[in-house]
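Heads up, the thing below is written out as structure tokens.
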Amino acid sequence: MKLTVIGYWGGYPKQNEASSGYLLEHEGFQLLIDCGSGVLSKLQNIIQPEELDAVILSHYHPDHIADIGVLQHARLIQGFLGKRTQTLPLYGHDLVPYEFSKLTYKEITKGVAYNPSETLTIGPFHVSFLRTDHPAPCYAMRIEAAGKTIVYTGDSSFKEEFIEFSRNADLLLCECNFYGHQNGKSAGHMNSIDAGKFAHKAEVKQLILTHLPHYGSLPQLITEASTEFTGIIMLAEEFQSISL
């Protein structure tokens with residue numbers, strides 16, 4: 001598997017950058033995980049919108065879905081220009097019916113509700129889910145292919161169920177919206193200490209901190225997380241690519 005970070009800011013994108021979006025590739029299949037503000041513009045540095053095979057969404061906050069509409073229109077316009085593509089499946093939960101309904105657009109995209117209690121197969125990927133602790137219904141994802149595992153937390157404060165859900169993952173893509181001295185629980189987010197403890201207890205191989213805050217010194221997040229986790233820790237960066 002190859003994971004490429006498209007956007008990594010929490011809440012809204014920093015100037016000329018993007019909020020949550022991650023491209024996962026394996027065996028020629030291209031899956032976009034979340035599609036926040038600025039993601040479509042940045043994605044085109046790597047692949048074109050009509051080349052995506054599927055999209056999966058953790059939840060419906062704008063910093064994770066804001067570019068769904070422009071993705072739909074990009075594929076529509078490319079169809080007018082002669083690039084015929086199949087209907088793109090957009091996988092999301094159906095706990096917010098109004099938001100889920102917007103995933104279907106003409107014959108361009110089709111909303112597909114995932115069942116969080118079952119493993120979902122998308123191309124070569126097998127995805128299992130865990131409900132997170134966040135103000136909006138949100139699901140973390142454990143994505144497996146070719147004997148490798150990536151866990152993406154979506155948005156959440158820390159919860160004990162994460163440990164077994166993420167056990168021995170090759171890569172933990174963990175939200176980290178707060179610094180170690182801050183308590184993000186009421187906002188439904190983790191801080192750097194939470195992320196480090198999580199990675200340590202789950203015995204993951206690598207930790208990437210994402211959904212980052214817009215203030216402070218971001219390298220401090222690594223310093224704080226490393227007090228709990230002695231493995232590889234990185235900050236998410238635009239177009240950062242990791243092959244497993």
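A note on labels: chains of the structure tokens are A, B, ... as shown, every chain counts residues from 1, and ligands are counted from 1 in their shown order.
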All alpha helix (DSSP H) positions in segment 82-210 of chain A, as a list in words: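 Put together, the selection reads Pro97, Tyr98, Glu99, Phe100, Ser101, Glu161, Phe162, Ile163, Glu164, Phe165, Ser192, Ile193, Asp194, Ala195, Gly196, Lys197, Phe198, Ala199, His200, Lys201 and Ala202 of chain A.
Among the candidate residues A:Ile68, A:Leu3, A:Ile77, A:Ala169, the one lying nearest to Gly38 of chain A is A:Ile68, with distances computed using only C-alpha atoms.
Near Thr109 of chain A, within a cut-off of 10 Å and counting only C-alpha atoms, sit the residues Ala54, Val55, Ile68, Leu71, Gln72, His73, Arg75, Leu76, Gln86, Thr87, Leu88, Pro89, Leu90, Lys102, Leu103 and Thr104 of chain A, with same-chain residues fewer than 5 positions away left out.
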Counting only C-alpha atoms, the residue of A:Gly36, A:Asp133, A:Ser217, A:Gln206 that sits nearest Ile242 of chain A: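 Answer, going by the shortest atom-to-atom distance: A:Gln206.
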Test item: residues at most 9 Å from Gly92 of chain A, only C-alpha atoms, excluding those fewer than 3 positions along its chain, as number ranges by chain: A: 55-60, 100, 103, 111-114
Exercise: His26 of chain A partners within 7 Å, only C-alpha atoms, chain neighbours under 2 positions left out, as a count of residues only: 7
Among listed residues A:Thr223, A:Thr119, A:Thr153, A:Asn177, nearest Asp34 of chain A (using only C-alpha atoms):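 Once distances to Asp34 of chain A are computed over only C-alpha atoms, the minimum belongs to A:Thr153.
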Residues near Gly231 of chain A, cut-off 9 Å, only C-alpha atoms, skip fewer than 6 positions along chain, as a PyMOL selection string: chain A and resi 199-200+203-207
Writing out the chosen residues with all heavy atoms as a PDB file, in the first residue's frame:
```
ATOM      1  N   ALA A 199      -0.416   5.065  20.526  1.00  0.00           N
ATOM      2  CA  ALA A 199       0.535   4.340  19.674  1.00  0.00           C
ATOM      3  C   ALA A 199       1.324   3.313  20.479  1.00  0.00           C
ATOM      4  O   ALA A 199       1.580   2.194  20.013  1.00  0.00           O
ATOM      5  CB  ALA A 199       1.472   5.329  18.995  1.00  0.00           C
ATOM      6  N   HIS A 200       1.721   3.687  21.691  1.00  0.00           N
ATOM      7  CA  HIS A 200       2.493   2.781  22.551  1.00  0.00           C
ATOM      8  C   HIS A 200       1.661   1.559  22.954  1.00  0.00           C
ATOM      9  O   HIS A 200       2.112   0.415  22.818  1.00  0.00           O
ATOM     10  CB  HIS A 200       2.966   3.528  23.794  1.00  0.00           C
ATOM     11  CG  HIS A 200       3.577   2.653  24.834  1.00  0.00           C
ATOM     12  ND1 HIS A 200       4.807   2.040  24.667  1.00  0.00           N
ATOM     13  CD2 HIS A 200       3.112   2.251  26.055  1.00  0.00           C
ATOM     14  CE1 HIS A 200       5.079   1.308  25.736  1.00  0.00           C
ATOM     15  NE2 HIS A 200       4.064   1.418  26.580  1.00  0.00           N
ATOM     16  N   GLU A 203       0.940  -0.790  20.153  1.00  0.00           N
ATOM     17  CA  GLU A 203       2.169  -1.379  19.593  1.00  0.00           C
ATOM     18  C   GLU A 203       2.232  -1.223  18.068  1.00  0.00           C
ATOM     19  O   GLU A 203       2.533  -2.167  17.337  1.00  0.00           O
ATOM     20  CB  GLU A 203       2.278  -2.855  19.985  1.00  0.00           C
ATOM     21  CG  GLU A 203       2.297  -3.068  21.489  1.00  0.00           C
ATOM     22  CD  GLU A 203       2.322  -4.532  21.880  1.00  0.00           C
ATOM     23  OE1 GLU A 203       1.258  -5.187  21.769  1.00  0.00           O
ATOM     24  OE2 GLU A 203       3.400  -5.019  22.269  1.00  0.00           O
ATOM     25  N   VAL A 204       1.940  -0.013  17.622  1.00  0.00           N
ATOM     26  CA  VAL A 204       2.015   0.251  16.182  1.00  0.00           C
ATOM     27  C   VAL A 204       3.462   0.490  15.780  1.00  0.00           C
ATOM     28  O   VAL A 204       4.324   0.751  16.618  1.00  0.00           O
ATOM     29  CB  VAL A 204       1.138   1.463  15.793  1.00  0.00           C
ATOM     30  CG1 VAL A 204      -0.298   1.247  16.247  1.00  0.00           C
ATOM     31  CG2 VAL A 204       1.697   2.762  16.347  1.00  0.00           C
ATOM     32  N   LYS A 205       3.724   0.414  14.484  1.00  0.00           N
ATOM     33  CA  LYS A 205       5.101   0.563  14.007  1.00  0.00           C
ATOM     34  C   LYS A 205       5.463   2.023  13.720  1.00  0.00           C
ATOM     35  O   LYS A 205       6.612   2.435  13.931  1.00  0.00           O
ATOM     36  CB  LYS A 205       5.307  -0.306  12.771  1.00  0.00           C
ATOM     37  CG  LYS A 205       5.193  -1.806  13.065  1.00  0.00           C
ATOM     38  CD  LYS A 205       5.399  -2.634  11.817  1.00  0.00           C
ATOM     39  CE  LYS A 205       5.364  -4.122  12.139  1.00  0.00           C
ATOM     40  NZ  LYS A 205       4.056  -4.565  12.660  1.00  0.00           N
ATOM     41  N   GLN A 206       4.508   2.790  13.194  1.00  0.00           N
ATOM     42  CA  GLN A 206       4.758   4.193  12.888  1.00  0.00           C
ATOM     43  C   GLN A 206       3.542   5.020  13.287  1.00  0.00           C
ATOM     44  O   GLN A 206       2.408   4.554  13.170  1.00  0.00           O
ATOM     45  CB  GLN A 206       4.995   4.412  11.383  1.00  0.00           C
ATOM     46  CG  GLN A 206       6.207   3.748  10.801  1.00  0.00           C
ATOM     47  CD  GLN A 206       6.368   4.093   9.319  1.00  0.00           C
ATOM     48  OE1 GLN A 206       6.548   5.254   8.948  1.00  0.00           O
ATOM     49  NE2 GLN A 206       6.282   3.088   8.467  1.00  0.00           N
ATOM     50  N   LEU A 207       3.807   6.249  13.693  1.00  0.00           N
ATOM     51  CA  LEU A 207       2.751   7.179  14.070  1.00  0.00           C
ATOM     52  C   LEU A 207       2.891   8.457  13.250  1.00  0.00           C
ATOM     53  O   LEU A 207       3.955   9.079  13.233  1.00  0.00           O
ATOM     54  CB  LEU A 207       2.863   7.509  15.560  1.00  0.00           C
ATOM     55  CG  LEU A 207       1.986   8.644  16.109  1.00  0.00           C
ATOM     56  CD1 LEU A 207       0.508   8.320  15.962  1.00  0.00           C
ATOM     57  CD2 LEU A 207       2.343   8.931  17.570  1.00  0.00           C
TER      58      LEU A 207
END
```
Near-His211 of chain A list (7 Å; only C-alpha atoms; drop same-chain fewer than 4 positions) as a VMD selection string: chain A and resid 8 to 10 20 175 to 177
Atomic separation - atom CA of Ile65 of chain A relative to atom CA of Gln220 of chain A, Å: 28.4 Å
DSSP strand (DSSP E or B) residues within segment 20-240 of chain A, listed as number ranges by chain: A: 21-26, 29-35, 54-56, 88-92, 105, 109-113, 120-122, 125-131, 133, 139-145, 148-152, 157, 171-175, 178, 191, 206-210, 212, 232-235
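Taking atom CA of Asn191 of chain A as the reference point, atom CA of Glu144 of chain A is found at 26.0 Å.
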Between atom CA of Ala236 of chain A and atom CA of Glu99 of chain A - distance in Å to one decimal: 27.6 Å
